Amino acid sequence: MAVLCGAAAGYAMPASFYGEGAAEIVTVLGFLIAAFVPAMALGATAIRAGGFSVMRIRALGAAVDRQIKVFGGLFLYALIACAVTILGKLLKWGLPTLPIEAGTYSLSLDLSQVFPAVLTALFVFLGLRSVSFIGGILSILTLQTSIAEDEARARDRERDRSTVDELAAYKLPDSYGTRLDVTH
C-alpha cells in the first residue's frame, strides 16, 4: 500500500509538494521518534519472573523482542523520513533530470520526483504501522498486568499457607467438640 501510494505521488505530485510544510513535518516526526524510544525501553524492561515458568518467560521474551524490533523499525523509518524532508528542503526540492535514450526513443527522468514518492510512501507506512505501535503498547500493559496478577496470586497463596499454619498451631481446649446432653 505504501509503495503504491509513493509511486502515485511520485507521478502526480510536484517535487516541492511537501516544501511548505517541511518544518511541521520534521516536528511531527520528532514527536514520533520521541515516542518510540521510551516505548522500546518500556518493552525491554517489561518482563519480570512473576509466577511464570522458564518456558513462558522465554516465549514472552521473544514476543517483546519482536515488539522492540517493530518499534525500532518505526523509529528508523521516521528518522529516514525526517532526513529526506531535511535533504529535500536543503536541495530546494530539486534534483537533476536524467536523460534516457534507447534507440529512437528519448525520455527524461526527473529525479526530483523521488522526494514526494519516498516521503508519501514513508508517511503512509508510518500511518499504517502506528496501529501496531498502539497495539504493542497495549500488549506490554497486558503483560505487566499478567505478571502483577501472578505475583499477587503467589502472595495470596503464601498468606493462605501462613493462615493455615497459624490455625493448625492453635491449641483447642480439651472439652472442645464434646457433646453435651441437655435435658428439656
# chains A, B, ... in the order shown; residues from 1 in each chain; ligands from 1

$ select_by_dssp --residues "range 83-163 of chain A" --states "alpha helix (DSSP H)" --output "JSON, numbers by chain"
{"A": [83, 84, 85, 86, 87, 88, 89, 90, 114, 115, 116, 117, 118, 119, 120, 121, 122, 123, 124, 125, 126, 127, 128, 129, 130, 131, 132, 133, 134, 135, 136, 137, 138, 139, 140, 141, 142, 143, 144, 145, 146, 147, 148, 149, 150, 151, 152, 153, 154, 155, 156, 157, 158, 159, 160, 161, 162, 163]}

$ residues_around --residues "range 21-25 of chain A" --least-positions-apart "4" --cutoff "9 Å" --atoms "only C-alpha atoms" --output "list in words"
Phe17, Leu29, Gly30, Ala81, Cys82, Thr85, Ile86, Gly88 and Lys89 of chain A

$ write_last_selection --atoms "all heavy atoms" --output "PDB file, in the first residue's frame"
ATOM      1  N   PHE A  17       6.049  19.407  -3.301  1.00  0.00           N
ATOM      2  CA  PHE A  17       4.745  19.292  -2.651  1.00  0.00           C
ATOM      3  C   PHE A  17       4.839  19.443  -1.129  1.00  0.00           C
ATOM      4  O   PHE A  17       4.014  20.094  -0.509  1.00  0.00           O
ATOM      5  CB  PHE A  17       4.108  17.944  -2.996  1.00  0.00           C
ATOM      6  CG  PHE A  17       2.759  17.744  -2.381  1.00  0.00           C
ATOM      7  CD1 PHE A  17       1.635  18.303  -2.955  1.00  0.00           C
ATOM      8  CD2 PHE A  17       2.613  17.006  -1.214  1.00  0.00           C
ATOM      9  CE1 PHE A  17       0.377  18.130  -2.393  1.00  0.00           C
ATOM     10  CE2 PHE A  17       1.363  16.825  -0.638  1.00  0.00           C
ATOM     11  CZ  PHE A  17       0.244  17.391  -1.232  1.00  0.00           C
ATOM     12  N   LEU A  29       7.472  14.304  13.023  1.00  0.00           N
ATOM     13  CA  LEU A  29       8.342  13.123  13.016  1.00  0.00           C
ATOM     14  C   LEU A  29       9.197  13.078  14.277  1.00  0.00           C
ATOM     15  O   LEU A  29       9.464  12.004  14.819  1.00  0.00           O
ATOM     16  CB  LEU A  29       9.210  13.104  11.760  1.00  0.00           C
ATOM     17  CG  LEU A  29       8.454  12.840  10.461  1.00  0.00           C
ATOM     18  CD1 LEU A  29       9.362  13.064   9.261  1.00  0.00           C
ATOM     19  CD2 LEU A  29       7.871  11.446  10.442  1.00  0.00           C
ATOM     20  N   GLY A  30       9.619  14.238  14.759  1.00  0.00           N
ATOM     21  CA  GLY A  30      10.377  14.302  16.009  1.00  0.00           C
ATOM     22  C   GLY A  30       9.559  13.799  17.184  1.00  0.00           C
ATOM     23  O   GLY A  30      10.075  13.100  18.062  1.00  0.00           O
ATOM     24  N   ALA A  81      12.449   9.464   7.106  1.00  0.00           N
ATOM     25  CA  ALA A  81      11.517  10.472   6.579  1.00  0.00           C
ATOM     26  C   ALA A  81      11.961  11.868   6.979  1.00  0.00           C
ATOM     27  O   ALA A  81      11.898  12.811   6.179  1.00  0.00           O
ATOM     28  CB  ALA A  81      10.096  10.199   7.075  1.00  0.00           C
ATOM     29  N   CYS A  82      12.434  11.996   8.193  1.00  0.00           N
ATOM     30  CA  CYS A  82      12.935  13.285   8.672  1.00  0.00           C
ATOM     31  C   CYS A  82      14.154  13.714   7.839  1.00  0.00           C
ATOM     32  O   CYS A  82      14.246  14.869   7.403  1.00  0.00           O
ATOM     33  CB  CYS A  82      13.300  13.154  10.144  1.00  0.00           C
ATOM     34  SG  CYS A  82      13.531  14.704  11.000  1.00  0.00           S
ATOM     35  N   THR A  85      13.131  14.735   4.318  1.00  0.00           N
ATOM     36  CA  THR A  85      12.483  16.052   4.338  1.00  0.00           C
ATOM     37  C   THR A  85      13.520  17.162   4.454  1.00  0.00           C
ATOM     38  O   THR A  85      13.468  18.158   3.715  1.00  0.00           O
ATOM     39  CB  THR A  85      11.483  16.146   5.513  1.00  0.00           C
ATOM     40  OG1 THR A  85      10.532  15.080   5.384  1.00  0.00           O
ATOM     41  CG2 THR A  85      10.752  17.466   5.521  1.00  0.00           C
ATOM     42  N   ILE A  86      14.462  16.978   5.346  1.00  0.00           N
ATOM     43  CA  ILE A  86      15.517  17.995   5.517  1.00  0.00           C
ATOM     44  C   ILE A  86      16.370  18.085   4.262  1.00  0.00           C
ATOM     45  O   ILE A  86      16.706  19.187   3.802  1.00  0.00           O
ATOM     46  CB  ILE A  86      16.371  17.679   6.765  1.00  0.00           C
ATOM     47  CG1 ILE A  86      15.526  17.853   8.026  1.00  0.00           C
ATOM     48  CG2 ILE A  86      17.614  18.555   6.817  1.00  0.00           C
ATOM     49  CD1 ILE A  86      16.164  17.326   9.294  1.00  0.00           C
ATOM     50  N   GLY A  88      15.475  17.351   1.188  1.00  0.00           N
ATOM     51  CA  GLY A  88      14.668  17.997   0.148  1.00  0.00           C
ATOM     52  C   GLY A  88      14.658  19.511   0.330  1.00  0.00           C
ATOM     53  O   GLY A  88      14.798  20.267  -0.640  1.00  0.00           O
ATOM     54  N   LYS A  89      14.508  19.955   1.556  1.00  0.00           N
ATOM     55  CA  LYS A  89      14.493  21.393   1.819  1.00  0.00           C
ATOM     56  C   LYS A  89      15.852  22.020   1.506  1.00  0.00           C
ATOM     57  O   LYS A  89      15.930  23.105   0.919  1.00  0.00           O
ATOM     58  CB  LYS A  89      14.112  21.654   3.279  1.00  0.00           C
ATOM     59  CG  LYS A  89      13.932  23.115   3.580  1.00  0.00           C
ATOM     60  CD  LYS A  89      13.377  23.337   4.961  1.00  0.00           C
ATOM     61  CE  LYS A  89      13.202  24.850   5.160  1.00  0.00           C
ATOM     62  NZ  LYS A  89      12.576  25.134   6.430  1.00  0.00           N
TER      63      LYS A  89
END

$ closest_atom_pairs --of "range 4-102 of chain A" --to "range 130-140 of chain A" --cutoff "10 Å" --atoms "only C-alpha atoms" --output "JSON lines"
{"residue": "A:Leu32", "atom": "CA", "partner": "A:Ser130", "partner_atom": "CA", "distance": 9.5}
{"residue": "A:Ala35", "atom": "CA", "partner": "A:Phe133", "partner_atom": "CA", "distance": 9.8}
{"residue": "A:Phe36", "atom": "CA", "partner": "A:Phe133", "partner_atom": "CA", "distance": 8.5}
{"residue": "A:Ala39", "atom": "CA", "partner": "A:Ile137", "partner_atom": "CA", "distance": 7.2}
{"residue": "A:Met40", "atom": "CA", "partner": "A:Ile137", "partner_atom": "CA", "distance": 9.6}
{"residue": "A:Leu42", "atom": "CA", "partner": "A:Ile140", "partner_atom": "CA", "distance": 8.0}
{"residue": "A:Gly43", "atom": "CA", "partner": "A:Ile140", "partner_atom": "CA", "distance": 6.6}
{"residue": "A:Ala44", "atom": "CA", "partner": "A:Ile140", "partner_atom": "CA", "distance": 9.9}
{"residue": "A:Thr45", "atom": "CA", "partner": "A:Ile140", "partner_atom": "CA", "distance": 9.9}
{"residue": "A:Ala46", "atom": "CA", "partner": "A:Ile140", "partner_atom": "CA", "distance": 6.8}
{"residue": "A:Ile47", "atom": "CA", "partner": "A:Ile140", "partner_atom": "CA", "distance": 9.1}
{"residue": "A:Ala63", "atom": "CA", "partner": "A:Ser139", "partner_atom": "CA", "distance": 9.7}
{"residue": "A:Val64", "atom": "CA", "partner": "A:Ile140", "partner_atom": "CA", "distance": 7.9}
{"residue": "A:Arg66", "atom": "CA", "partner": "A:Gly136", "partner_atom": "CA", "distance": 9.9}
{"residue": "A:Gln67", "atom": "CA", "partner": "A:Gly136", "partner_atom": "CA", "distance": 6.4}
{"residue": "A:Ile68", "atom": "CA", "partner": "A:Gly136", "partner_atom": "CA", "distance": 8.9}
{"residue": "A:Val70", "atom": "CA", "partner": "A:Phe133", "partner_atom": "CA", "distance": 7.9}
{"residue": "A:Phe71", "atom": "CA", "partner": "A:Phe133", "partner_atom": "CA", "distance": 6.8}
{"residue": "A:Leu74", "atom": "CA", "partner": "A:Ser130", "partner_atom": "CA", "distance": 8.3}

$ write_last_selection --atoms "N, CA and C atoms" --output "PDB file, in the first residue's frame"
ATOM      1  N   LEU A  32       7.140  11.603  16.955  1.00  0.00           N
ATOM      2  CA  LEU A  32       7.067  10.148  16.786  1.00  0.00           C
ATOM      3  C   LEU A  32       8.343   9.475  17.279  1.00  0.00           C
ATOM      4  N   ALA A  35       8.487   9.283  20.882  1.00  0.00           N
ATOM      5  CA  ALA A  35       7.577   8.289  21.460  1.00  0.00           C
ATOM      6  C   ALA A  35       8.138   6.875  21.331  1.00  0.00           C
ATOM      7  N   PHE A  36       8.867   6.607  20.255  1.00  0.00           N
ATOM      8  CA  PHE A  36       9.369   5.260  20.022  1.00  0.00           C
ATOM      9  C   PHE A  36      10.476   4.870  20.999  1.00  0.00           C
ATOM     10  N   ALA A  39       9.140   3.770  24.351  1.00  0.00           N
ATOM     11  CA  ALA A  39       8.367   2.540  24.138  1.00  0.00           C
ATOM     12  C   ALA A  39       9.306   1.338  24.044  1.00  0.00           C
ATOM     13  N   MET A  40      10.438   1.518  23.390  1.00  0.00           N
ATOM     14  CA  MET A  40      11.421   0.433  23.314  1.00  0.00           C
ATOM     15  C   MET A  40      11.993   0.137  24.693  1.00  0.00           C
ATOM     16  N   LEU A  42      10.511   0.687  27.582  1.00  0.00           N
ATOM     17  CA  LEU A  42       9.429   0.067  28.344  1.00  0.00           C
ATOM     18  C   LEU A  42       9.326  -1.413  28.006  1.00  0.00           C
ATOM     19  N   GLY A  43       9.406  -1.718  26.731  1.00  0.00           N
ATOM     20  CA  GLY A  43       9.356  -3.117  26.311  1.00  0.00           C
ATOM     21  C   GLY A  43      10.527  -3.917  26.839  1.00  0.00           C
ATOM     22  N   ALA A  44      11.723  -3.316  26.829  1.00  0.00           N
ATOM     23  CA  ALA A  44      12.918  -4.019  27.275  1.00  0.00           C
ATOM     24  C   ALA A  44      12.879  -4.329  28.765  1.00  0.00           C
ATOM     25  N   THR A  45      12.147  -3.547  29.534  1.00  0.00           N
ATOM     26  CA  THR A  45      12.090  -3.754  30.986  1.00  0.00           C
ATOM     27  C   THR A  45      10.774  -4.369  31.439  1.00  0.00           C
ATOM     28  N   ALA A  46       9.970  -4.856  30.526  1.00  0.00           N
ATOM     29  CA  ALA A  46       8.627  -5.335  30.863  1.00  0.00           C
ATOM     30  C   ALA A  46       8.615  -6.684  31.553  1.00  0.00           C
ATOM     31  N   ILE A  47       9.583  -7.516  31.296  1.00  0.00           N
ATOM     32  CA  ILE A  47       9.499  -8.888  31.791  1.00  0.00           C
ATOM     33  C   ILE A  47      10.176  -9.024  33.153  1.00  0.00           C
ATOM     34  N   ALA A  63       8.488 -12.488  22.266  1.00  0.00           N
ATOM     35  CA  ALA A  63       7.433 -11.580  21.809  1.00  0.00           C
ATOM     36  C   ALA A  63       7.819 -10.130  22.039  1.00  0.00           C
ATOM     37  N   VAL A  64       8.406  -9.832  23.190  1.00  0.00           N
ATOM     38  CA  VAL A  64       8.844  -8.462  23.468  1.00  0.00           C
ATOM     39  C   VAL A  64       9.994  -8.076  22.545  1.00  0.00           C
ATOM     40  N   ARG A  66      10.411  -9.109  19.481  1.00  0.00           N
ATOM     41  CA  ARG A  66       9.777  -8.801  18.197  1.00  0.00           C
ATOM     42  C   ARG A  66       9.135  -7.413  18.234  1.00  0.00           C
ATOM     43  N   GLN A  67       8.510  -7.100  19.350  1.00  0.00           N
ATOM     44  CA  GLN A  67       7.879  -5.796  19.521  1.00  0.00           C
ATOM     45  C   GLN A  67       8.907  -4.664  19.484  1.00  0.00           C
ATOM     46  N   ILE A  68      10.020  -4.852  20.163  1.00  0.00           N
ATOM     47  CA  ILE A  68      11.068  -3.835  20.179  1.00  0.00           C
ATOM     48  C   ILE A  68      11.633  -3.641  18.775  1.00  0.00           C
ATOM     49  N   VAL A  70       9.925  -4.000  15.997  1.00  0.00           N
ATOM     50  CA  VAL A  70       8.921  -3.214  15.270  1.00  0.00           C
ATOM     51  C   VAL A  70       9.048  -1.745  15.644  1.00  0.00           C
ATOM     52  N   PHE A  71       9.157  -1.472  16.952  1.00  0.00           N
ATOM     53  CA  PHE A  71       9.314  -0.087  17.405  1.00  0.00           C
ATOM     54  C   PHE A  71      10.600   0.522  16.838  1.00  0.00           C
ATOM     55  N   LEU A  74      10.049   1.367  13.201  1.00  0.00           N
ATOM     56  CA  LEU A  74       9.287   2.608  13.080  1.00  0.00           C
ATOM     57  C   LEU A  74      10.163   3.820  13.394  1.00  0.00           C
TER      58      LEU A  74
END
